Amino acid sequence: MRILIVDDEEVLQDVLTSLLRREGYETVSARSGEEGLDLLRQGDIDLVLLDLMLPGMSGQEVLRQIRKEDPHQVVVMITAYSSVESAIDAMRQGAFHYIPKPFKNEEVLLTVRQGLEQRRLKKENLTLRDQLQQRYAFDNIIGKSKPMQKVFELIRLAAPAKSNLLILGESGTGKELVAKSIHLNSRRSEGPFVTVNSGSMPADLLESNLFGHERGAFTGAVTAKKGLFEIADGGSIFFDEIGNIPIDTQSKLLRVIQEKEFMRLGGVETLTSDVRIIAATNVDLEATVEEGRFREDLFYRLNVITVSLPPLRQRPEDIPLLARAFLETFRDENEKELDGITSEAMELLIDYHWPGNVRELENVIERAVVLSTGSVIDVDLLSPAVRHKRPTAGFDEPLPPQGLPLKEAVANYERKLIVRALQASGGVQKKAAELLKVKPTTLHEMMKRLSVTVDQIVS
Ligand SMILES: Nc1ncnc2c1ncn2[C@@H]1O[C@H](COP(=O)(O)OP(=O)(O)OP(=O)(O)O)[C@@H](O)[C@H]1O
Ligand SMILES: [Mg+2]
């Protein structure tokens with residue numbers, strides 16, 4: 001264990017050094033705050049003994065700088081009796097403890113021992129968190145829930161294949177994130193990844209974007225232009241919101257997929273392109289096919305492999321992980337000092353129904369971080385929608401097609417209640433059945449129907 005002593009008084013340096021060395025600690029000394037910070041930046045310091053009164057940069061400034069550069073560093077302040085108030089102030093700023101001068105050796109050793117113990121715990125926590133993040137994330141996609149683990153598995157298997165893919169999921173469930181990850185894990189990862197926002201364009205503009213055009217192909221085509229299929233050659237092309245593609249364009253798309261050939265608008269030359277198509281939609285594409293607004297043959301061409309992203313409300317166990325990850329991102333972006341989310345606030349996040357899914361959660365955390373002034377995110381920083389629990393779950397659910405069909409919505413509600421009861425009863429089904437006032441056999445049947453398992457709850 002290495003301890004840095006920052007003190008300008010030679011006598012004190014010597015006393016502390018020999019005291020700590022006798023106990024078997026290694027020590028390094030600095031005469032000023034600046035020198036101390038330099039030594040810290042070289043790494044390998046487990047605890048800092050910092051005098052409050054220093055020439056040049058004050059002890060408080062040094063503390064602030066240390067907290068900024070390494071928030072996990074343990075700092076013990078040494079102060080004269082007269083400055084106990086500033087010592088308390090320093091503790092508010094994150095110092096571990098303070099030792100008033102003159103001090104007893106025992107006091108110093110005890111505080112140092114406690115400080116190092118805290119350091120050890122923090123380090124352990126950090127490595128634990130790193131492990132968690134590695135296990136529960138695939139590229140940037142976070143999720144420990146069973147359905148998300150299945151998604152990771154599917155990406156792992158499907159990404160290297162040649163097949164086209166269709167990604168399904170409500171708005172904000174991470175479809176684009178998954179599309180990128182599939183590309184990055186494919187053999188085309190060195191090639192381009194091109195996104196087509198199919199939704200917002202009239203057919204002729206979309207087609208000239210996709211296939212390109214020759215000079216003079218239409219009024220305004222003063223130069224020739226490459227289309228996205230040419231640009232994406234050797235890579236992947238991502239059709240966002242494929243359900244909105246006009247039916248005429250769908251036929252042309254189908255031809256490119258089947259023949260791997262196309263022509264620029266106004267062109268005579270046949271061009272080839274080797275692309276993989278990844279499509280995404282948040283509408284029920286099969287229903288769109290039935291209504292005659294989407295070509296069935298195109299649907300089957302795209303839907304070789306389906307990746308379904310579950311809505312966030314069906315995987316509440318992912319919420320704490322996601323919330324913490326977003327907290328860290330926005331904390332660093334906004335240079336805030338935040339340790340975490342209170343358990344009351346986290347409970348509200350877990351209970352909320354998240355119609356905007358992960359994107360909405362991301363926004364809620366960003367807002368909370370920006371508005372925060374303290375060291376934690378508490379209930380008051382959450383947006384009103386999250387804070388005000390609805391009296392009955394499912395009450396303001398949107399209706400299909402954006403919302404869930406009645407059957408599914410009811411099933412979700414039942415699943416939630418059963419999970420709660422099982423949690424409250426520590427996974428004992430008989431007790432959970434009592435809480436819900438149903439027969440154990442009924443509960444058993446419901447769990448089977450709703451695919452709720454006990455190990456899913458206890459973990
Ligand atoms: N599992 C996840 N882990 C981490 N971040 C996620 C996850 N899912 C979504 N996000 C984040 O949420 C936001 C929305 O994700 P994305 O744009 O991929 O959703 P989408 O399904 O394409 O939404 P839309 O249908 O509205 O286009 C992004 O900022 C993305 O980084
Ligand atoms: Mg998207």
# chains A, B, ... in the order shown; residues from 1 in each chain; ligands from 1
call {"tool": "closest_atom_pairs", "arguments": {"of": "chain A", "to": "ligand 2", "cutoff": "10 Å", "atoms": "only C-alpha atoms and all ligand atoms", "output": "tab-separated table"}}
result
residue	atom	partner	partner_atom_place_in_ligand_line	distance
A:Gly169	CA	ligand 2	1 (Mg)	9.6
A:Glu170	CA	ligand 2	1 (Mg)	9.5
A:Ser171	CA	ligand 2	1 (Mg)	7.0
A:Gly172	CA	ligand 2	1 (Mg)	6.8
A:Thr173	CA	ligand 2	1 (Mg)	8.3
A:Gly174	CA	ligand 2	1 (Mg)	6.9
A:Lys175	CA	ligand 2	1 (Mg)	5.7
A:Glu176	CA	ligand 2	1 (Mg)	4.8
A:Leu177	CA	ligand 2	1 (Mg)	8.0
A:Val178	CA	ligand 2	1 (Mg)	9.8
A:Ala179	CA	ligand 2	1 (Mg)	9.4
A:Thr195	CA	ligand 2	1 (Mg)	9.9
A:Asn197	CA	ligand 2	1 (Mg)	8.9
A:Phe239	CA	ligand 2	1 (Mg)	9.6
A:Asp240	CA	ligand 2	1 (Mg)	6.2
A:Glu241	CA	ligand 2	1 (Mg)	7.6
A:Ala280	CA	ligand 2	1 (Mg)	7.8
A:Thr281	CA	ligand 2	1 (Mg)	8.4
A:Asn282	CA	ligand 2	1 (Mg)	8.9
A:Arg359	CA	ligand 2	1 (Mg)	9.9
call {"tool": "residues_around", "arguments": {"residues": "region 259-270 of chain A", "least_positions_apart": "6", "cutoff": "6 Å", "atoms": "only C-alpha atoms", "output": "ChimeraX atom specification"}}
result
/A:211-214,217
call {"tool": "select_by_dssp", "arguments": {"residues": "region 6-159 of chain A", "states": "helix (DSSP H, G or I)", "output": "MDAnalysis selection string"}}
result
chainID A and resid 10:22 33:41 59:69 81:92 105:135 146:158
call {"tool": "atom_distance", "arguments": {"atom1": "CA of Ser186 (chain A)", "atom2": "CA of Glu360 (chain A)"}}
result
29.3 Å
call {"tool": "atom_distance", "arguments": {"atom1": "CA of Asn209 (chain A)", "atom2": "CA of Phe229 (chain A)"}}
result
8.7 Å
call {"tool": "residues_around", "arguments": {"residues": "region 72-75 of chain A", "least_positions_apart": "3", "cutoff": "9 Å", "atoms": "only C-alpha atoms", "output": "list in words"}}
result
Ile45, Asp46, Leu47, Val48, Leu49, Leu50, Leu63, Ile66, Arg67, Glu69, Gly94, Ala95, Phe96, His97, Tyr98, Gly115, Leu116, Gln118, Arg119, Lys122 and Lys123 of chain A
call {"tool": "closest_residue", "arguments": {"among": "A:Phe138, A:Leu166, A:Glu333, A:Ile78", "to": "Thr111 (chain A)", "atoms": "only C-alpha atoms"}}
result
A:Ile78
call {"tool": "residues_around", "arguments": {"residues": "Asn105 (chain A)", "least_positions_apart": "3", "cutoff": "8 Å", "atoms": "only C-alpha atoms", "output": "number ranges by chain"}}
result
A: 19, 108-109
call {"tool": "write_last_selection", "arguments": {"atoms": "C-alpha atoms", "output": "mmCIF file, in the first residue's frame"}}
result
data_model
loop_
_atom_site.group_PDB
_atom_site.id
_atom_site.type_symbol
_atom_site.label_atom_id
_atom_site.label_comp_id
_atom_site.auth_asym_id
_atom_site.auth_seq_id
_atom_site.Cartn_x
_atom_site.Cartn_y
_atom_site.Cartn_z
ATOM 1 C CA LEU A 19 5.260 6.344 11.588
ATOM 2 C CA VAL A 108 -3.407 8.657 12.241
ATOM 3 C CA LEU A 109 -2.932 4.920 11.933
#
call {"tool": "decode", "arguments": {"residues": "region 197-211 of chain A", "atoms": "N, CA, C and O atoms", "output": "compact mmCIF listing (two decimals), in the first residue's frame"}}
result
# COMPACT_ATOMS: atom_id res chain seq x y z
N ASN A 197 -33.48 6.28 -44.72
CA ASN A 197 -34.69 6.60 -43.97
C ASN A 197 -35.86 6.53 -44.91
O ASN A 197 -36.22 7.49 -45.57
N SER A 198 -36.43 5.32 -44.99
CA SER A 198 -37.40 5.06 -46.04
C SER A 198 -38.70 5.81 -45.83
O SER A 198 -39.46 6.01 -46.75
N GLY A 199 -38.96 6.22 -44.62
CA GLY A 199 -40.27 6.73 -44.28
C GLY A 199 -40.65 8.06 -44.89
O GLY A 199 -41.76 8.25 -45.34
N SER A 200 -39.70 8.97 -44.96
CA SER A 200 -40.08 10.36 -45.10
C SER A 200 -40.04 10.91 -46.53
O SER A 200 -40.23 12.10 -46.72
N MET A 201 -39.79 10.05 -47.52
CA MET A 201 -39.55 10.60 -48.86
C MET A 201 -40.59 10.18 -49.88
O MET A 201 -41.06 9.06 -49.84
N PRO A 202 -40.91 11.08 -50.84
CA PRO A 202 -41.75 10.64 -51.96
C PRO A 202 -40.99 9.62 -52.80
O PRO A 202 -39.77 9.62 -52.82
N ALA A 203 -41.76 8.77 -53.52
CA ALA A 203 -41.17 7.63 -54.21
C ALA A 203 -40.04 8.00 -55.16
O ALA A 203 -38.98 7.37 -55.15
N ASP A 204 -40.22 9.06 -56.00
CA ASP A 204 -39.18 9.31 -57.00
C ASP A 204 -37.87 9.79 -56.38
O ASP A 204 -36.79 9.43 -56.83
N LEU A 205 -37.97 10.56 -55.30
CA LEU A 205 -36.77 11.01 -54.62
C LEU A 205 -36.07 9.82 -53.96
O LEU A 205 -34.84 9.66 -54.06
N LEU A 206 -36.86 8.96 -53.32
CA LEU A 206 -36.30 7.78 -52.68
C LEU A 206 -35.56 6.92 -53.70
O LEU A 206 -34.45 6.47 -53.48
N GLU A 207 -36.20 6.74 -54.89
CA GLU A 207 -35.57 5.90 -55.91
C GLU A 207 -34.29 6.50 -56.45
O GLU A 207 -33.31 5.79 -56.68
N SER A 208 -34.27 7.82 -56.63
CA SER A 208 -33.02 8.39 -57.14
C SER A 208 -31.95 8.32 -56.06
O SER A 208 -30.77 8.20 -56.37
N ASN A 209 -32.36 8.36 -54.81
CA ASN A 209 -31.39 8.16 -53.73
C ASN A 209 -30.84 6.74 -53.72
O ASN A 209 -29.65 6.53 -53.53
N LEU A 210 -31.73 5.79 -53.92
CA LEU A 210 -31.31 4.39 -53.83
C LEU A 210 -30.47 3.95 -55.02
O LEU A 210 -29.46 3.29 -54.86
N PHE A 211 -30.93 4.33 -56.23
CA PHE A 211 -30.29 3.77 -57.43
C PHE A 211 -29.40 4.78 -58.14
O PHE A 211 -28.69 4.42 -59.07
